[in-house]
Amino acid sequence: MGRAVRLSVAGVGNNVSALLQGVYFYADLVQNGHDEYKLPGIKNPRIGDIAVSAVKFVGAFDVDPGKIGKDLRDAIVTPPNNYPRLAADVPVQDVLVEPGIENDGGESMVTAVTKSLIESGTEVLLYSLPTGRQHLAELYARAALDAGVAFVNCTPENIARDPALLSDFQEAGLPLVGDDLASHLGTSVVHRALLQLLGERGITMTSSYQLNVGGNEDFRNLLVSGSSKRTSKLNALAQAGIETSNIVMVPSAAFIPHLGDRKVAMVNIEGVGWGQQTVSLDVLLKVQDSSNAAGVIIDLVRIAAVSLREGTAGFPRAAIAMLKSPPIGTNGRA
Ligand SMILES: NC(=O)c1ccc[n+]([C@@H]2O[C@H](COP(=O)([O-])OP(=O)(O)OC[C@H]3O[C@@H](n4cnc5c(N)ncnc54)[C@H](O)[C@@H]3O)[C@@H](O)[C@H]2O)c1
């Protein structure tokens, strides 16, 4: 199944819970005789020679006192995380969650994370903090650079799109993957596909909106820190050449605790056809939010590892389709 990716994570939230549990879920399926090339919910059974379950967690950072000091296996199920438990036997990881970099954190915190990444033999650092922490994203990216590891940015913060950072990673011979993952069957890809369909059929879109609600911490945070996510969701449509001036994005319209990690998204599109007569389309999408993320993170992490091992530095083009906001110029559009 290929040499396991040595992965460290910054932010031990629902994304990481879904990723870690999923790695063991799929390992169990294969061990029980399931065909590795027909796994449910998997697009790429192998990337390079790396299988879905070939990820070894070697480091973890968080600032939640309820998670720091715990083995990663226990930290992922510590509230407020509320991703469900998968039918998987997750063993003790022998990875204790270490204190992460704080917003007002000085050089010493970056140095401590860098040192830990080097000592654990990390190949890839996954950045999965709450949205809206640009400064922290830059500090973690710097720690990855200093440690000589690849960086994957799950969030809408400007990291791979920052020309200076991208060039630093390139010069250091390191892959930089970002920004903001486009979930497996997320609202962005559904919205984009529907708008493309209208265009193909000659219907003129006049207005559109997207409302997302959920009951995990991401939705609570996006209520107050949603601006970079709003821009990133528009980027996901602009990537396909869609005019976005009449489109309104609401990353979190409400935090609804009883939904837990389930997300409900409403997409509305208004248009006109022949004789300027109206066409109206409403779609309701319901998904397990963090499974939707992990199904793509598993590919981004393996792309980063393969690039690192092959000595391909900078942004790997193989990641474009899995991101809402890849660097300007990688797909010919802003
Ligand atoms: N479908 C999806 O779930 C999806 C899709 C695209 C992007 N994302 C983005 O991925 C990110 C993570 O999502 P999540 O659902 O796992 O969020 P989450 O809120 O469950 O987890 C975030 C974790 O980061 C920790 N954290 C906060 N500050 C920190 C710091 N300074 N250092 C280290 N850790 C810190 C929190 O304590 C928490 O454990 C979010 O920015 C989200 O918008 C998610």
# chains A, B, ... in the order shown; residues from 1 in each chain; ligands from 1

$ closest_atom_pairs --of "stretch 278-317 of chain A" --to "stretch 145-148 of chain A" --cutoff "12 Å" --atoms "only C-alpha atoms" --output "JSON lines"
{"residue": "A:Leu308", "atom": "CA", "partner": "A:Gly148", "partner_atom": "CA", "distance": 9.8}
{"residue": "A:Gly311", "atom": "CA", "partner": "A:Gly148", "partner_atom": "CA", "distance": 11.9}
{"residue": "A:Ala313", "atom": "CA", "partner": "A:Gly148", "partner_atom": "CA", "distance": 11.3}
{"residue": "A:Gly314", "atom": "CA", "partner": "A:Leu145", "partner_atom": "CA", "distance": 11.5}

$ write_last_selection --atoms "N, CA, C and O atoms" --output "short mmCIF file (atom, residue, chain, number, x, y, z; two decimals), in the first residue's frame"
data_model
loop_
_atom_site.label_atom_id
_atom_site.label_comp_id
_atom_site.auth_asym_id
_atom_site.auth_seq_id
_atom_site.Cartn_x
_atom_site.Cartn_y
_atom_site.Cartn_z
N LEU A 308 6.36 15.83 -2.44
CA LEU A 308 7.56 15.97 -1.59
C LEU A 308 8.57 14.87 -1.93
O LEU A 308 9.76 15.12 -2.11
N GLY A 311 10.27 15.35 -5.13
CA GLY A 311 11.06 16.58 -5.22
C GLY A 311 10.39 17.66 -6.05
O GLY A 311 11.06 18.53 -6.61
N ALA A 313 8.43 20.91 -6.10
CA ALA A 313 8.18 21.99 -5.14
C ALA A 313 7.04 22.90 -5.61
O ALA A 313 6.65 22.88 -6.77
N GLY A 314 6.49 23.69 -4.67
CA GLY A 314 5.45 24.66 -5.00
C GLY A 314 4.08 24.03 -5.06
O GLY A 314 3.82 23.01 -4.42
#

$ residues_around --residues "A:Ala88" --least-positions-apart "4" --cutoff "7 Å" --atoms "only C-alpha atoms" --output "list of chain:residue names"
A:Gln21, A:Tyr24, A:Phe25

$ atom_distance --atom1 "atom CA of A:Arg192" --atom2 "atom 16 (O, counted along the ligand's line) of ligand 1"
23.7 Å

$ residues_around --residues "stretch 125-140 of chain A" --least-positions-apart "3" --cutoff "9 Å" --atoms "only C-alpha atoms" --output "PyMOL selection string"
chain A and resi 6-13+15-16+59+62+101-103+110+113-114+117+122+143-145+149-159+165+217-218+221-222+225-229+297+301

$ write_last_selection --atoms "N, CA and C atoms" --output "compact mmCIF listing (two decimals), in the first residue's frame"
# COMPACT_ATOMS: atom_id res chain seq x y z
N ARG A 6 3.69 10.45 6.70
CA ARG A 6 3.86 10.87 8.10
C ARG A 6 3.22 12.26 8.23
N LEU A 7 2.06 12.29 8.90
CA LEU A 7 1.21 13.48 8.92
C LEU A 7 1.12 14.10 10.31
N SER A 8 1.31 15.42 10.37
CA SER A 8 0.98 16.17 11.59
C SER A 8 -0.19 17.08 11.29
N VAL A 9 -0.98 17.37 12.35
CA VAL A 9 -2.18 18.19 12.15
C VAL A 9 -2.16 19.39 13.08
N ALA A 10 -2.51 20.55 12.54
CA ALA A 10 -2.70 21.75 13.36
C ALA A 10 -4.20 21.99 13.42
N GLY A 11 -4.78 21.80 14.62
CA GLY A 11 -6.23 21.87 14.78
C GLY A 11 -6.82 20.48 14.78
N VAL A 12 -7.22 20.03 16.00
CA VAL A 12 -7.74 18.65 16.14
C VAL A 12 -9.27 18.74 16.26
N GLY A 13 -9.90 19.20 15.16
CA GLY A 13 -11.35 19.37 15.16
C GLY A 13 -12.04 18.23 14.42
N ASN A 15 -12.70 17.83 11.24
CA ASN A 15 -12.02 17.35 10.02
C ASN A 15 -11.06 16.21 10.36
N VAL A 16 -10.28 16.43 11.40
CA VAL A 16 -9.25 15.45 11.78
C VAL A 16 -9.90 14.20 12.36
N GLY A 59 1.99 13.77 14.69
CA GLY A 59 2.03 14.98 15.51
C GLY A 59 0.69 15.69 15.47
N ASP A 62 -3.01 21.80 19.16
CA ASP A 62 -4.30 22.46 19.39
C ASP A 62 -4.12 23.43 20.57
N ILE A 101 0.19 27.13 18.25
CA ILE A 101 0.64 28.53 18.21
C ILE A 101 -0.56 29.42 18.52
N GLU A 102 -0.41 30.31 19.49
CA GLU A 102 -1.50 31.23 19.86
C GLU A 102 -1.37 32.50 19.01
N ASN A 103 -2.48 33.22 18.91
CA ASN A 103 -2.51 34.43 18.09
C ASN A 103 -1.46 35.45 18.50
N VAL A 110 6.41 29.27 17.46
CA VAL A 110 6.68 28.78 16.10
C VAL A 110 7.88 27.82 16.16
N VAL A 113 6.85 24.40 17.51
CA VAL A 113 6.14 23.58 16.52
C VAL A 113 7.13 23.06 15.47
N THR A 114 8.03 23.94 15.03
CA THR A 114 9.05 23.53 14.03
C THR A 114 9.86 22.35 14.57
N LEU A 117 7.89 19.17 14.60
CA LEU A 117 7.71 18.61 13.25
C LEU A 117 8.98 17.87 12.80
N THR A 122 7.86 14.41 10.44
CA THR A 122 6.67 14.78 9.66
C THR A 122 7.04 15.03 8.19
N ALA A 143 6.30 27.62 10.16
CA ALA A 143 6.85 26.49 10.91
C ALA A 143 7.12 25.31 9.97
N ALA A 144 6.18 25.09 9.02
CA ALA A 144 6.37 24.00 8.05
C ALA A 144 7.60 24.26 7.20
N LEU A 145 7.73 25.50 6.74
CA LEU A 145 8.90 25.87 5.92
C LEU A 145 10.20 25.62 6.68
N VAL A 149 8.85 20.68 5.74
CA VAL A 149 7.74 19.76 5.46
C VAL A 149 6.74 20.42 4.51
N ALA A 150 5.95 19.58 3.84
CA ALA A 150 4.91 20.10 2.94
C ALA A 150 3.75 20.65 3.78
N PHE A 151 2.97 21.57 3.19
CA PHE A 151 1.88 22.23 3.93
C PHE A 151 0.59 22.11 3.12
N VAL A 152 -0.49 21.71 3.81
CA VAL A 152 -1.81 21.64 3.18
C VAL A 152 -2.74 22.57 3.95
N ASN A 153 -3.31 23.56 3.26
CA ASN A 153 -4.20 24.53 3.91
C ASN A 153 -5.66 24.21 3.57
N CYS A 154 -6.39 23.69 4.59
CA CYS A 154 -7.81 23.36 4.41
C CYS A 154 -8.71 24.59 4.40
N THR A 155 -8.20 25.73 4.81
CA THR A 155 -9.05 26.88 5.11
C THR A 155 -8.96 27.94 4.01
N PRO A 156 -9.87 28.93 4.03
CA PRO A 156 -9.84 29.95 2.96
C PRO A 156 -8.76 31.01 3.15
N GLU A 157 -7.91 30.88 4.14
CA GLU A 157 -6.88 31.89 4.34
C GLU A 157 -5.88 31.88 3.17
N ASN A 158 -5.35 33.08 2.88
CA ASN A 158 -4.43 33.25 1.75
C ASN A 158 -3.05 32.68 2.07
N ILE A 159 -2.77 31.50 1.62
CA ILE A 159 -1.44 30.92 1.87
C ILE A 159 -0.80 30.53 0.53
N LEU A 165 4.91 33.64 -0.10
CA LEU A 165 4.98 32.34 0.58
C LEU A 165 5.19 31.21 -0.43
N GLU A 217 -18.79 23.24 15.13
CA GLU A 217 -18.07 24.47 15.51
C GLU A 217 -17.77 25.34 14.30
N ASP A 218 -17.58 24.71 13.14
CA ASP A 218 -17.30 25.48 11.93
C ASP A 218 -18.46 26.45 11.66
N ASN A 221 -18.45 29.29 14.18
CA ASN A 221 -17.38 30.26 13.89
C ASN A 221 -17.68 31.09 12.64
N LEU A 222 -18.23 30.42 11.60
CA LEU A 222 -18.47 31.14 10.34
C LEU A 222 -19.55 32.21 10.47
N SER A 225 -16.98 34.84 11.56
CA SER A 225 -15.70 34.96 10.81
C SER A 225 -15.84 34.39 9.41
N GLY A 226 -16.93 34.75 8.73
CA GLY A 226 -17.19 34.09 7.45
C GLY A 226 -16.68 34.82 6.22
N SER A 227 -15.98 35.95 6.41
CA SER A 227 -15.72 36.75 5.22
C SER A 227 -14.75 36.09 4.23
N SER A 228 -13.67 35.44 4.74
CA SER A 228 -12.75 34.78 3.80
C SER A 228 -13.43 33.59 3.13
N LYS A 229 -14.34 32.93 3.86
CA LYS A 229 -15.07 31.78 3.27
C LYS A 229 -16.02 32.26 2.17
N ILE A 297 -9.55 15.74 1.84
CA ILE A 297 -8.27 15.92 2.54
C ILE A 297 -7.35 14.72 2.30
N VAL A 301 -3.56 15.39 1.04
CA VAL A 301 -2.41 14.97 1.85
C VAL A 301 -1.51 14.02 1.04

$ closest_residue --among "A:Asp49, A:Asp64, A:Asp94, A:Asp168" --to "ligand 1" --atoms "only C-alpha atoms and all ligand atoms"
A:Asp64

$ atom_distance --atom1 "atom 36 (C, counted along the ligand's line) of ligand 1" --atom2 "atom CA of A:Ala75"
10.7 Å

$ select_by_dssp --residues "stretch 48-105 of chain A" --states "strand (DSSP E)" --output "ChimeraX atom specification"
/A:50-51,55-62,98-99

$ select_by_dssp --residues "stretch 89-296 of chain A" --states "alpha helix (DSSP H)" --output "MDAnalysis selection string"
chainID A and resid 107:119 134:147 163:172 187:201 217:224 227:238 289:296

$ closest_atom_pairs --of "stretch 58-119 of chain A" --to "stretch 262-278 of chain A" --cutoff "10 Å" --atoms "only C-alpha atoms" --output "Markdown table"
| residue | atom | partner | partner_atom | distance |
| --- | --- | --- | --- | --- |
| A:Asn82 | CA | A:Arg262 | CA | 9.6 |
| A:Tyr83 | CA | A:Arg262 | CA | 8.7 |
| A:Pro84 | CA | A:Arg262 | CA | 9.9 |

$ closest_residue --among "A:Val189, A:Leu176, A:Ala54, A:Val63" --to "A:Leu19" --atoms "only C-alpha atoms"
A:Ala54
